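Have a look at model-v8.tsv below; it lists TSV, C-alpha atoms and all ligand atoms.
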```tsv
chain	number	residue	atom	x	y	z
N	176	MET	CA	0.00	0.00	0.00
N	177	GLU	CA	1.34	3.43	-0.94
N	178	VAL	CA	1.11	6.04	1.80
N	179	VAL	CA	2.08	9.69	1.88
N	180	PHE	CA	3.68	10.87	5.10
N	181	LYS	CA	3.29	14.60	5.61
N	182	ILE	CA	5.90	15.35	8.27
N	183	HIS	CA	6.38	18.46	10.35
N	184	ARG	CA	9.92	19.79	9.89
N	185	PHE	CA	11.54	22.51	11.91
N	186	ASP	CA	15.12	23.16	12.86
N	187	PRO	CA	15.18	26.19	15.19
N	188	SER	CA	18.84	26.81	14.35
N	189	LYS	CA	18.08	27.20	10.59
N	190	ASP	CA	14.38	27.61	9.89
N	191	VAL	CA	12.32	30.71	10.50
N	192	SER	CA	9.07	28.76	10.79
N	193	PRO	CA	7.93	25.13	10.64
N	194	TYR	CA	6.97	23.56	7.32
N	195	TYR	CA	5.67	20.17	6.14
N	196	LYS	CA	7.56	17.80	3.86
N	197	GLN	CA	5.93	14.87	2.04
N	198	TYR	CA	7.39	11.39	1.57
N	199	LYS	CA	5.68	8.67	-0.44
N	200	ILE	CA	6.55	5.13	0.67
N	201	THR	CA	5.16	1.62	0.31
N	202	ILE	CA	4.19	-0.07	3.55
N	203	ASP	CA	3.30	-3.64	4.45
N	204	LYS	CA	0.45	-4.89	6.55
N	205	GLY	CA	1.56	-4.38	10.15
N	206	THR	CA	4.14	-1.65	9.48
N	207	THR	CA	4.18	0.76	12.40
N	208	VAL	CA	4.45	4.52	12.05
N	209	LEU	CA	7.86	4.36	13.73
N	210	GLU	CA	9.09	1.77	11.22
N	211	ALA	CA	7.84	3.96	8.38
N	212	LEU	CA	9.62	7.01	9.84
N	213	LEU	CA	12.83	5.03	10.28
N	214	TYR	CA	12.55	3.88	6.66
N	215	ILE	CA	12.22	7.53	5.58
N	216	LYS	CA	15.20	8.49	7.74
N	217	GLU	CA	17.39	5.65	6.47
N	218	ARG	CA	16.48	5.73	2.77
N	219	LEU	CA	14.98	9.09	1.88
N	220	ASP	CA	16.04	11.88	4.23
N	221	ASN	CA	18.60	11.34	6.96
N	222	SER	CA	18.09	14.85	8.34
N	223	LEU	CA	14.73	13.87	9.90
N	224	ALA	CA	14.90	13.95	13.73
N	225	ILE	CA	12.90	11.34	15.68
N	226	ARG	CA	13.24	10.11	19.26
N	227	TYR	CA	12.66	6.46	20.10
N	228	SER	CA	14.22	3.70	22.11
N	229	CYS	CA	12.41	0.46	22.98
N	230	ARG	CA	10.16	0.14	19.87
N	231	MET	CA	7.62	-1.75	21.98
N	232	GLY	CA	5.51	0.85	23.80
N	233	ILE	CA	7.45	0.73	27.05
N	234	CYS	CA	9.91	3.63	27.16
N	235	GLY	CA	7.47	6.35	26.03
N	236	SER	CA	10.05	8.14	23.84
N	237	CYS	CA	8.27	8.03	20.49
N	238	GLY	CA	5.18	10.12	21.35
N	239	MET	CA	3.97	12.33	18.49
N	240	ARG	CA	0.73	13.58	16.99
N	241	ILE	CA	-0.41	11.22	14.27
N	242	ASN	CA	-3.27	12.65	12.22
N	243	GLY	CA	-3.76	15.16	15.03
N	244	ILE	CA	-4.00	12.64	17.89
N	245	PRO	CA	-1.16	12.08	20.38
N	246	MET	CA	0.01	8.46	19.99
N	247	LEU	CA	3.10	6.30	20.36
N	248	ALA	CA	4.57	5.80	16.87
N	249	CYS	CA	5.88	2.32	17.72
N	250	LYS	CA	2.47	1.16	18.92
N	251	THR	CA	0.48	2.53	15.98
N	252	GLN	CA	0.18	0.51	12.79
N	253	VAL	CA	-0.22	2.57	9.63
N	254	SER	CA	-3.11	0.35	8.47
N	255	MET	CA	-5.02	1.21	11.67
N	256	LEU	CA	-5.16	4.85	10.61
N	257	LYS	CA	-7.31	4.04	7.56
N	258	SER	CA	-5.86	6.89	5.55
N	259	ASN	CA	-3.41	7.22	2.66
N	260	ILE	CA	-2.16	10.57	3.87
N	261	ILE	CA	-0.66	10.58	7.34
N	262	LEU	CA	0.10	13.79	9.13
N	263	ILE	CA	2.98	13.52	11.59
N	264	GLU	CA	3.59	16.35	14.04
N	265	PRO	CA	5.48	16.76	17.32
N	266	LEU	CA	3.62	16.67	20.66
N	267	SER	CA	2.01	20.00	21.42
N	268	ASN	CA	2.57	22.13	24.54
N	269	ASN	CA	6.33	21.44	24.60
N	270	PRO	CA	9.09	23.46	22.90
N	271	ILE	CA	10.41	21.82	19.74
N	272	ILE	CA	14.06	20.73	19.71
N	273	LYS	CA	13.97	19.57	16.09
N	274	ASP	CA	11.31	18.15	13.72
N	275	LEU	CA	9.40	15.61	15.87
N	276	VAL	CA	11.54	15.86	19.01
N	277	THR	CA	10.25	18.03	21.84
N	278	ASN	CA	11.79	19.19	25.09
N	279	PHE	CA	10.40	17.52	28.21
N	280	SER	CA	12.54	19.46	30.73
N	281	ASN	CA	9.62	21.51	32.04
N	282	LEU	CA	7.52	18.38	32.51
N	283	PHE	CA	10.25	16.45	34.29
N	284	ALA	CA	11.01	19.43	36.53
N	285	LYS	CA	7.36	19.48	37.59
N	286	HIS	CA	7.45	15.72	38.06
N	287	LYS	CA	10.39	16.18	40.44
N	288	MET	CA	8.48	18.81	42.40
N	289	ILE	CA	5.82	16.33	43.52
N	290	LYS	CA	8.54	14.03	44.94
N	291	PRO	CA	7.75	10.90	42.93
N	292	TYR	CA	9.07	8.39	45.44
N	293	ILE	CA	8.02	6.81	48.72
N	294	ILE	CA	8.53	9.16	51.65
N	295	ARG	CA	8.76	7.71	55.17
N	296	LYS	CA	9.13	9.24	58.59
N	297	ASP	CA	11.00	6.21	59.92
N	298	SER	CA	14.57	5.40	58.90
N	299	GLU	CA	13.72	2.08	57.26
N	300	LEU	CA	14.25	3.47	53.73
N	301	ASP	CA	17.79	4.66	54.55
N	302	ASN	CA	18.68	1.37	56.07
N	303	PRO	CA	16.33	-1.25	54.66
N	304	THR	CA	15.91	-4.45	56.62
N	305	ARG	CA	12.63	-5.92	55.37
N	306	GLU	CA	9.77	-5.08	53.02
N	307	TYR	CA	6.71	-2.99	53.89
N	308	LEU	CA	3.45	-4.82	54.27
N	309	GLN	CA	0.90	-3.99	51.58
N	310	LYS	CA	-2.46	-5.67	51.16
N	311	PRO	CA	-3.52	-6.74	47.62
N	312	ASN	CA	-6.37	-4.20	47.54
N	313	GLU	CA	-3.95	-1.40	48.52
N	314	PHE	CA	-1.70	-2.47	45.69
N	315	PHE	CA	-4.55	-2.56	43.16
N	316	ASN	CA	-5.55	0.99	44.25
N	317	ILE	CA	-2.32	2.37	42.82
N	318	LEU	CA	-1.55	-0.21	40.14
N	319	GLN	CA	-3.01	1.59	37.11
N	320	PHE	CA	-1.27	4.86	38.04
N	321	ALA	CA	2.02	3.02	38.52
N	322	LEU	CA	1.81	1.89	34.88
N	323	CYS	CA	2.46	5.43	33.59
N	324	ILE	CA	5.50	5.60	31.27
N	325	LYS	CA	5.77	9.43	31.25
N	326	CYS	CA	5.41	9.59	27.48
N	327	GLY	CA	3.71	13.00	27.69
N	328	LEU	CA	0.78	12.11	25.40
N	329	CYS	CA	-1.67	13.23	28.10
N	330	TRP	CA	0.13	16.55	28.44
N	331	SER	CA	-0.12	17.07	24.68
N	332	ALA	CA	-3.85	16.20	24.61
N	333	CYS	CA	-4.80	18.30	27.64
N	334	PRO	CA	-6.55	21.57	26.68
N	335	ILE	CA	-5.23	23.32	29.80
N	336	SER	CA	-1.60	22.33	29.31
N	337	SER	CA	-0.99	25.31	27.06
N	338	ASP	CA	-0.65	26.99	30.48
N	339	ASN	CA	2.91	25.91	31.07
N	340	ARG	CA	2.71	26.34	34.83
N	341	TYR	CA	-0.15	23.83	35.16
N	342	LEU	CA	1.22	20.63	36.69
N	343	GLY	CA	-0.55	18.55	34.05
N	344	PRO	CA	-2.19	15.14	33.96
N	345	PHE	CA	0.76	12.79	34.33
N	346	VAL	CA	2.42	14.76	37.13
N	347	LEU	CA	-0.85	14.95	39.08
N	348	ALA	CA	-1.58	11.27	38.42
N	349	GLN	CA	1.85	10.44	39.81
N	350	ALA	CA	1.19	12.65	42.83
N	351	TYR	CA	-1.97	10.65	43.47
N	352	ARG	CA	-0.10	7.39	42.91
N	353	TYR	CA	2.32	8.20	45.75
N	354	ILE	CA	-0.17	9.88	48.06
N	355	SER	CA	-2.50	6.89	47.91
N	356	ASP	CA	0.29	4.35	48.30
N	357	SER	CA	-0.24	2.63	51.65
N	358	ARG	CA	3.53	2.66	52.29
N	359	ASP	CA	3.88	6.42	51.79
N	360	ASP	CA	3.96	9.07	54.51
N	361	GLY	CA	4.56	12.18	52.41
N	362	TYR	CA	1.06	13.63	52.00
N	363	ASN	CA	1.90	16.88	53.79
N	364	GLU	CA	5.12	17.35	51.84
N	365	ARG	CA	3.26	17.20	48.51
N	366	PHE	CA	0.16	19.08	49.66
N	367	ASP	CA	1.40	22.63	48.93
N	368	ILE	CA	2.37	21.97	45.33
N	369	ILE	CA	-0.83	20.03	44.49
N	370	ASP	CA	-2.99	22.67	46.16
N	371	SER	CA	-1.19	25.54	44.38
N	372	PRO	CA	-2.96	27.89	41.90
N	373	HIS	CA	-1.68	25.75	39.00
N	374	GLY	CA	-2.23	22.42	40.69
N	375	CYS	CA	-5.13	20.01	40.56
N	376	TRP	CA	-7.85	22.71	40.73
N	377	ARG	CA	-7.06	23.90	37.19
N	378	CYS	CA	-8.35	20.64	35.66
N	379	HIS	CA	-11.63	21.14	33.75
N	380	PHE	CA	-12.18	17.40	33.54
N	381	ALA	CA	-12.10	17.33	29.73
N	382	GLY	CA	-10.86	13.75	29.99
N	383	SER	CA	-8.73	13.80	26.83
N	384	CYS	CA	-5.66	12.74	28.86
N	385	SER	CA	-7.35	9.45	29.75
N	386	GLN	CA	-8.46	8.91	26.15
N	387	VAL	CA	-4.96	9.07	24.67
N	388	CYS	CA	-3.02	7.20	27.37
N	389	PRO	CA	-1.32	4.22	25.70
N	390	ARG	CA	-1.10	2.34	29.02
N	391	GLY	CA	-4.75	2.62	30.02
N	392	VAL	CA	-4.01	4.98	32.90
N	393	ASP	CA	-6.84	7.36	33.82
N	394	PRO	CA	-5.13	10.61	34.87
N	395	ALA	CA	-8.46	12.49	34.85
N	396	LEU	CA	-9.73	10.11	37.54
N	397	ALA	CA	-6.53	10.58	39.57
N	398	ILE	CA	-7.00	14.38	39.48
N	399	GLN	CA	-10.61	14.12	40.68
N	400	LEU	CA	-9.49	11.77	43.46
N	401	LEU	CA	-6.80	14.28	44.44
N	402	LYS	CA	-9.45	17.01	44.66
N	403	LYS	CA	-11.60	14.72	46.79
N	404	SER	CA	-8.68	13.84	49.02
N	405	ILE	CA	-7.71	17.50	49.60
N	406	THR	CA	-11.33	18.57	50.20
N	407	THR	CA	-12.04	15.80	52.70
N	408	THR	CA	-8.74	16.47	54.47
N	409	LYS	CA	-9.57	20.16	54.81
N	410	LEU	CA	-13.07	19.39	56.08
N	411	GLY	CA	-11.62	16.91	58.55
N	412	LEU	CA	-13.53	14.02	56.97
N	413	LYS	CA	-10.50	12.01	55.86
N	414	LYS	CA	-9.22	9.18	57.97
N	415	ILE	CA	-5.64	9.85	58.98
N	416	LYS	CA	-3.51	7.30	57.18
N	417	THR	CA	-0.78	5.46	58.99
N	418	ALA	CA	1.95	4.30	56.67
N	419	ALA	CA	2.24	0.56	56.21
N	420	PRO	CA	4.48	-1.11	58.80
N	421	VAL	CA	7.62	-3.05	58.07
N	422	ALA	CA	7.02	-6.79	57.85
N	423	PRO	CA	7.89	-8.59	61.11
N	424	PRO	CA	10.88	-10.93	61.07
N	425	LEU	CA	10.07	-14.41	59.89
N	426	THR	CA	9.88	-16.81	62.78
N	427	GLU	CA	9.05	-20.48	62.94
N	428	VAL	CA	9.20	-20.85	59.20
N	429	THR	CA	9.79	-24.39	58.09
N	430	ARG	CA	10.22	-25.56	54.55
N	431	LYS	CA	7.35	-27.60	53.20
N	432	LEU	CA	8.36	-31.18	52.69
N	433	ASP	CA	7.60	-31.24	48.97
N	434	VAL	CA	9.52	-28.05	48.16
N	435	PRO	CA	12.98	-28.96	46.77
N	436	GLN	CA	16.16	-27.31	47.99
N	437	PRO	CA	17.48	-24.44	45.87
N	438	PRO	CA	20.36	-25.20	43.50
N	439	PRO	CA	23.87	-24.36	44.76
N	440	ARG	CA	24.90	-20.74	44.59
N	441	THR	CA	26.69	-19.65	41.41
N	442	VAL	CA	27.33	-15.95	42.11
N	443	PHE	CA	29.20	-14.91	45.21
N	444	LYS	CA	29.36	-11.67	47.08
N	445	ASN	CA	32.89	-11.06	45.97
N	446	GLN	CA	32.97	-12.28	42.41
N	447	ARG	CA	36.79	-12.18	42.28
N	448	ASP	CA	37.01	-14.79	45.02
N	449	SER	CA	34.39	-16.99	43.46
N	450	THR	CA	36.89	-19.05	41.45
N	451	ASN	CA	38.92	-19.87	44.61
N	452	GLU	CA	35.80	-20.82	46.53
N	453	ARG	CA	34.66	-23.13	43.82
Z	937	MET	CA	-6.47	32.19	50.48
Z	938	ARG	CA	-5.57	28.61	49.53
Z	939	GLU	CA	-6.98	27.17	46.31
Z	940	SER	CA	-8.66	24.35	48.21
Z	941	THR	CA	-10.48	26.85	50.45
Z	942	LEU	CA	-11.79	28.70	47.39
Z	943	TRP	CA	-12.89	25.35	45.94
Z	944	ILE	CA	-14.74	24.41	49.15
Z	945	ILE	CA	-16.54	27.79	49.10
Z	946	GLU	CA	-17.40	27.06	45.45
Z	947	LEU	CA	-18.91	23.72	46.50
Z	948	VAL	CA	-20.96	25.48	49.20
Z	949	THR	CA	-22.23	28.05	46.67
Z	950	LEU	CA	-23.22	25.23	44.33
Z	951	ILE	CA	-25.29	23.63	47.12
Z	952	ILE	CA	-26.90	27.01	47.85
Z	953	MET	CA	-27.73	27.42	44.15
Z	954	ILE	CA	-29.22	23.93	43.93
Z	955	ILE	CA	-31.57	24.81	46.80
Z	956	THR	CA	-32.39	28.47	46.12
Z	957	LEU	CA	-32.57	28.47	42.33
Z	958	PRO	CA	-35.61	26.12	42.21
Z	959	ILE	CA	-37.30	28.26	44.90
Z	960	HIS	CA	-36.72	31.31	42.73
Z	961	LEU	CA	-37.84	29.60	39.52
Z	962	ILE	CA	-40.85	27.88	41.07
Z	963	ASN	CA	-41.96	31.15	42.56
Z	964	PHE	CA	-41.90	32.79	39.15
Z	965	SER	CA	-43.13	29.88	37.07
Z	966	SER	CA	-46.09	29.37	39.41
Z	967	LEU	CA	-46.89	33.00	38.79
Z	968	ILE	CA	-46.65	32.49	35.06
Z	969	ILE	CA	-48.97	29.48	34.94
Z	970	GLY	CA	-51.14	30.65	37.84
Z	971	PRO	CA	-54.26	32.79	37.49
Z	972	GLY	CA	-52.61	35.86	38.99
Z	973	TYR	CA	-50.03	36.27	36.27
Z	974	ALA	CA	-51.61	39.36	34.79
Z	975	THR	CA	-51.02	41.30	37.97
Z	976	ALA	CA	-48.01	39.39	39.28
Z	977	MET	CA	-45.44	41.62	37.64
Z	978	SER	CA	-47.10	44.86	38.71
Z	979	TYR	CA	-45.11	47.16	40.96
Z	980	GLU	CA	-47.29	46.48	44.04
Z	981	GLU	CA	-47.02	42.71	43.62
Z	982	VAL	CA	-43.23	42.78	43.20
Z	983	ILE	CA	-42.84	44.95	46.31
Z	984	ALA	CA	-45.20	42.66	48.24
Z	985	ARG	CA	-43.04	39.65	47.31
Z	986	ALA	CA	-39.92	41.56	48.23
Z	987	LYS	CA	-41.28	41.96	51.76
Z	988	ASN	CA	-41.72	38.21	52.20
Z	989	LEU	CA	-38.74	37.41	54.46
Z	990	PRO	CA	-38.03	33.74	53.51
Z	991	TYR	CA	-38.11	34.70	49.83
Z	992	VAL	CA	-35.79	37.67	50.44
Z	993	ILE	CA	-33.32	35.49	52.33
Z	994	SER	CA	-33.29	32.88	49.58
Z	995	SER	CA	-32.83	35.62	46.94
Z	996	ILE	CA	-29.88	37.15	48.79
Z	997	LEU	CA	-28.28	33.74	49.21
Z	998	LEU	CA	-28.81	33.02	45.52
Z	999	LEU	CA	-27.31	36.36	44.53
Z	1000	GLY	CA	-24.24	35.83	46.70
Z	1001	ALA	CA	-23.74	32.30	45.40
Z	1002	ILE	CA	-24.09	33.30	41.74
Z	1003	ILE	CA	-21.73	36.26	42.11
Z	1004	TYR	CA	-19.09	34.10	43.86
Z	1005	HIS	CA	-19.48	31.32	41.30
Z	1006	SER	CA	-19.11	33.68	38.33
Z	1007	MET	CA	-16.12	35.57	39.76
Z	1008	TYR	CA	-14.39	32.31	40.72
Z	1009	ARG	CA	-14.82	30.97	37.21
Z	1010	VAL	CA	-13.65	34.22	35.58
Z	1011	ARG	CA	-10.49	34.05	37.70
Z	1012	PHE	CA	-10.18	30.37	36.81
Z	1013	MET	CA	-10.20	31.11	33.07
Z	1014	VAL	CA	-7.91	34.12	33.27
Z	1015	SER	CA	-5.34	32.15	35.27
Z	1016	GLU	CA	-4.81	29.90	32.24
Z	1017	LEU	CA	-3.41	32.82	30.27
Z	1018	PRO	CA	0.37	33.23	30.28
Z	1019	LEU	CA	0.38	36.05	32.83
Z	1020	SER	CA	2.99	37.01	35.38
Z	1021	LYS	CA	2.34	36.14	39.03
Z	1022	LYS	CA	1.87	39.81	39.83
Z	1023	PHE	CA	-0.78	40.27	37.14
Z	1024	GLU	CA	-2.47	37.07	38.21
Z	1025	ARG	CA	-2.78	38.42	41.75
Z	1026	LEU	CA	-4.15	41.67	40.37
Z	1027	ILE	CA	-6.84	39.74	38.47
Z	1028	SER	CA	-7.77	37.85	41.66
Z	1029	LEU	CA	-8.03	41.14	43.53
Z	1030	MET	CA	-10.17	42.67	40.77
Z	1031	CYS	CA	-12.50	39.66	40.80
Z	1032	LEU	CA	-12.84	40.05	44.57
Z	1033	ILE	CA	-13.57	43.79	44.34
Z	1034	VAL	CA	-16.06	43.42	41.45
Z	1035	GLY	CA	-17.76	40.56	43.31
Z	1036	ILE	CA	-18.08	42.55	46.55
Z	1037	ILE	CA	-19.41	45.64	44.74
Z	1038	ALA	CA	-21.94	43.54	42.77
Z	1039	PHE	CA	-23.11	41.82	45.94
Z	1040	LEU	CA	-23.37	45.03	47.99
Z	1041	TYR	CA	-25.32	46.74	45.22
Z	1042	SER	CA	-27.81	43.90	44.82
Z	1043	PHE	CA	-28.10	43.56	48.60
Z	1044	TYR	CA	-28.81	47.28	48.87
Z	1045	MET	CA	-31.49	47.09	46.16
Z	1046	THR	CA	-33.19	44.19	47.96
Z	1047	ILE	CA	-33.21	46.06	51.27
Z	1048	VAL	CA	-34.50	49.25	49.61
Z	1049	ALA	CA	-37.36	47.20	48.10
Z	1050	ILE	CA	-38.29	45.93	51.58
Z	1051	LEU	CA	-38.20	49.41	53.09
Z	1052	VAL	CA	-40.35	51.06	50.41
M	1101	LIG	S1	10.00	3.57	21.21
M	1101	LIG	FE1	9.62	3.14	23.31
M	1101	LIG	S2	7.51	3.61	23.47
M	1101	LIG	FE2	7.87	3.80	21.37
```

Could you take the file, read its structure, and then write that structure out as structure tokens?
Ligand code: FES
Amino acid sequence: MEVVFKIHRFDPSKDVSPYYKQYKITIDKGTTVLEALLYIKERLDNSLAIRYSCRMGICGSCGMRINGIPMLACKTQVSMLKSNIILIEPLSNNPIIKDLVTNFSNLFAKHKMIKPYIIRKDSELDNPTREYLQKPNEFFNILQFALCIKCGLCWSACPISSDNRYLGPFVLAQAYRYISDSRDDGYNERFDIIDSPHGCWRCHFAGSCSQVCPRGVDPALAIQLLKKSITTTKLGLKKIKTAAPVAPPLTEVTRKLDVPQPPPRTVFKNQRDSTNER
Amino acid sequence: MRESTLWIIELVTLIIMIITLPIHLINFSSLIIGPGYATAMSYEEVIARAKNLPYVISSILLLGAIIYHSMYRVRFMVSELPLSKKFERLISLMCLIVGIIAFLYSFYMTIVAILV
């Protein structure tokens, strides 16, 4: 099948304004947009700038607008688009570095602001001894938000993200992911940034972030849950969470009779000595 | 004031509107479909209604809620523009002043109607 790729080109160091360049190529059934772009780069125009890494929808590097909709190029088959002319543009709401590559610095800086890691008041994290106890339902509460790959498609789809100070869907979804984690104790540390003028209250609940997420995360839901959490906390209706305790030491554990012994160790603490020990 | 506090006030105003707006509409629609419609909008009738205390209280609450809701949303929309922090604060202050003036004026008019 012959397809025309109309690709956004812009090199800020040379071009005054962006323009579109067309490439006609033949694709097979199952060819992804990323494969088509790599074909163009390798055979037709090596000056085309694209960002990608895993080619399997995991790293989140290859986000771009395909026929106007933010998608992962490696996860989108050309035949799915049902069109012979395919418009390829960079993600919106981010500055363009070159052609289809945008700058995520602002997004990652905001991500850092919400402290995307487990915060504890005890010293267990500095000196870990055992795991924290987490019930299956507590794990499933955060699971979908933990699947986020920070590809920025939600940020590009969000109608409010043209306001660059708005925290944005993926940052807020990550804030919710950590706040609602039963092991976390950092609610108060994140409160000020989420409750800021450009925090969760700016969301209009358009829901486009959830529609474009390639991992099935629902950032719009996370933002509404954040609003609920802050409101109930302020009204004194929220139960005060105690962070999950550390698992007690295992006592009286005996191996089941039918469980075989593990094989002998092959890697030793000090690998250099391993040959002598063997 | 914190954003969450403004949001909680917004929720309260929404509850007030849900309660008082039907009272306001039912009052007027019953006049429209009722037999007294011809005279209902006359000066004497309007003043008589304005002296009915429960109706006056519900009207003032409705006015306050609508003014807060509209000013909050105006500020909400303006804050999405790429403005400096200083200008943003100025807009918030203007919304507050316009809201207070609008409320005081409508409150004054309601009280004047009662005192006539
Ligand atoms: S290349 Fe990794 S998600 Fe597409």

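Proximity to chain Z was assessed for N:Ser336, N:Ser236, N:Ser254, N:Thr441 counting only C-alpha atoms; the smallest distance is recorded for N:Ser336.
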
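Distances to N:Asp360 were evaluated for N:Pro420, N:Gly243, N:Pro435, N:Gly238 using all atoms listed in the file, and the minimum falls at N:Pro420.
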
First collect every listed atom of ligand LIG 1101 (chain M); then fit an axis-aligned box around them, widen it by 4 Å on each side, and give centre and edge lengths in Å to one decimal, as lines of an AutoDock Vina configuration file.
```
center_x = 8.8
center_y = 3.5
center_z = 22.3
size_x = 10.5
size_y = 8.7
size_z = 10.3
```

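Ranking N:Gln349, N:Arg218, N:Ile289, N:Lys325 by their shortest atom-to-atom distance to ligand LIG 1101 (chain M), with all atoms listed in the file included, puts N:Lys325 first.
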
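Distances to N:Pro389 were evaluated for N:Gly235, N:Pro270, N:Pro424, N:Pro265 using all atoms listed in the file, and the minimum falls at N:Gly235.
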
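The list of chain Z residues within 10 Å of chain N is Arg938, Glu939, Ser940, Thr941, Leu942, Trp943, Ile944, Leu947, Phe1012, Met1013, Ser1015, Glu1016, Leu1017, Pro1018, Leu1019 and Glu1024 of chain Z; this uses all atoms listed in the file.
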
Worksheet entry | Nearby residues (all atoms listed in the file) at most 8 Å from stretch 988-1005 of chain Z, same-chain spacing under 5 positions excluded, as an MDAnalysis selection string | chainID Z and resid 946 949:950 952:953 956:957 959:960 1035 1038:1039 1042:1043 1046

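Picture a line from atom CA of N:Val253 to atom CA of N:Ile272; it runs 25.2 Å.
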
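Proximity to ligand LIG 1101 (chain M) was assessed for N:Arg226, N:Arg358, N:Lys199, N:Arg240 counting all atoms listed in the file; the smallest distance is recorded for N:Arg226.
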
Where does chain N meet ligand LIG 1101 (chain M) within 9 Å, residue by residue, with the nearest atom pair and distance in Å to one decimal for each, counting all atoms listed in the file, listed by chain and rising number, as a tab-separated table?
```
residue	atom	partner	partner_atom	distance
N:Leu209	CA	M:LIG1101	FE2	7.7
N:Arg226	CA	M:LIG1101	S1	7.6
N:Tyr227	CA	M:LIG1101	S1	4.1
N:Ser228	CA	M:LIG1101	S1	4.3
N:Cys229	CA	M:LIG1101	FE1	3.9
N:Arg230	CA	M:LIG1101	S1	3.7
N:Met231	CA	M:LIG1101	FE1	5.4
N:Gly232	CA	M:LIG1101	S2	3.4
N:Ile233	CA	M:LIG1101	S2	4.6
N:Cys234	CA	M:LIG1101	FE1	3.9
N:Gly235	CA	M:LIG1101	S2	3.8
N:Ser236	CA	M:LIG1101	FE1	5.0
N:Cys237	CA	M:LIG1101	FE2	4.3
N:Gly238	CA	M:LIG1101	FE2	6.9
N:Leu247	CA	M:LIG1101	FE2	5.5
N:Ala248	CA	M:LIG1101	FE2	5.9
N:Cys249	CA	M:LIG1101	FE2	4.4
N:Lys250	CA	M:LIG1101	FE2	6.5
N:Ile324	CA	M:LIG1101	S2	8.3
N:Cys326	CA	M:LIG1101	S2	7.5
```

Worksheet entry | Exercise: Z:Val982 partners within 10 Å, all atoms listed in the file, chain neighbours under 6 positions left out, as a PyMOL selection string | chain Z and resi 975-976+1049

Worksheet item: What separation in Å, quoted to one decimal, exists between atom CA of N:Leu400 and atom CA of N:Lys416?
Response: 15.6 Å

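For stretch 204-206 of chain N, the non-local neighbours within 9 Å, defined as residues at least 2 positions apart in the same chain or in other chains and counting only C-alpha atoms, are Met176, Ile202, Val208, Leu209, Glu210, Ala211, Thr251, Gln252, Val253, Ser254 and Met255 of chain N.
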
Practice prompt. Please provide as a PyMOL selection string all residues within 6 Å of N:Pro394, with the sequence filter that same-chain residues fewer than 5 positions apart are discarded (counting only C-alpha atoms).
Written response: chain N and resi 344+348+385

Worksheet item: Just how far from atom CA of N:Leu266 is atom CA of N:Tyr198, in Å to one decimal?
Response: 20.2 Å

Worksheet entry | Selection: 6 Å around N:Arg184, only C-alpha atoms, excl. self and same-chain fewer than 6 positions, as an MDAnalysis selection string | chainID N and resid 193:195 274

Dump as a short mmCIF file (atom, residue, chain, number, x, y, z; two decimals), keeping the file's coordinate frame, selection limited to C-alpha atoms:
```
data_model
loop_
_atom_site.label_atom_id
_atom_site.label_comp_id
_atom_site.auth_asym_id
_atom_site.auth_seq_id
_atom_site.Cartn_x
_atom_site.Cartn_y
_atom_site.Cartn_z
CA PRO N 193 7.93 25.13 10.64
CA TYR N 194 6.97 23.56 7.32
CA TYR N 195 5.67 20.17 6.14
CA ASP N 274 11.31 18.15 13.72
#
```

Please produce stretch 983-989 of chain Z, completed to N, CA, C and O atoms, as a tab-separated table (two decimals), in the frame of the given file.
```
chain	number	residue	atom	x	y	z
Z	983	ILE	N	-43.25	44.42	45.00
Z	983	ILE	CA	-42.84	44.95	46.31
Z	983	ILE	C	-43.39	44.04	47.42
Z	983	ILE	O	-42.71	43.77	48.42
Z	984	ALA	N	-44.61	43.55	47.22
Z	984	ALA	CA	-45.20	42.66	48.24
Z	984	ALA	C	-44.35	41.40	48.38
Z	984	ALA	O	-44.09	40.94	49.50
Z	985	ARG	N	-43.89	40.86	47.26
Z	985	ARG	CA	-43.04	39.65	47.31
Z	985	ARG	C	-41.70	39.97	47.96
Z	985	ARG	O	-41.14	39.16	48.70
Z	986	ALA	N	-41.22	41.19	47.67
Z	986	ALA	CA	-39.92	41.56	48.23
Z	986	ALA	C	-39.97	41.66	49.75
Z	986	ALA	O	-38.95	41.59	50.42
Z	987	LYS	N	-41.16	41.83	50.31
Z	987	LYS	CA	-41.28	41.96	51.76
Z	987	LYS	C	-41.46	40.60	52.44
Z	987	LYS	O	-41.50	40.53	53.67
Z	988	ASN	N	-41.57	39.56	51.64
Z	988	ASN	CA	-41.72	38.21	52.20
Z	988	ASN	C	-40.34	37.70	52.63
Z	988	ASN	O	-39.48	37.42	51.79
Z	989	LEU	N	-40.10	37.64	53.95
Z	989	LEU	CA	-38.74	37.41	54.46
Z	989	LEU	C	-38.06	36.13	53.96
Z	989	LEU	O	-36.93	36.20	53.48
```
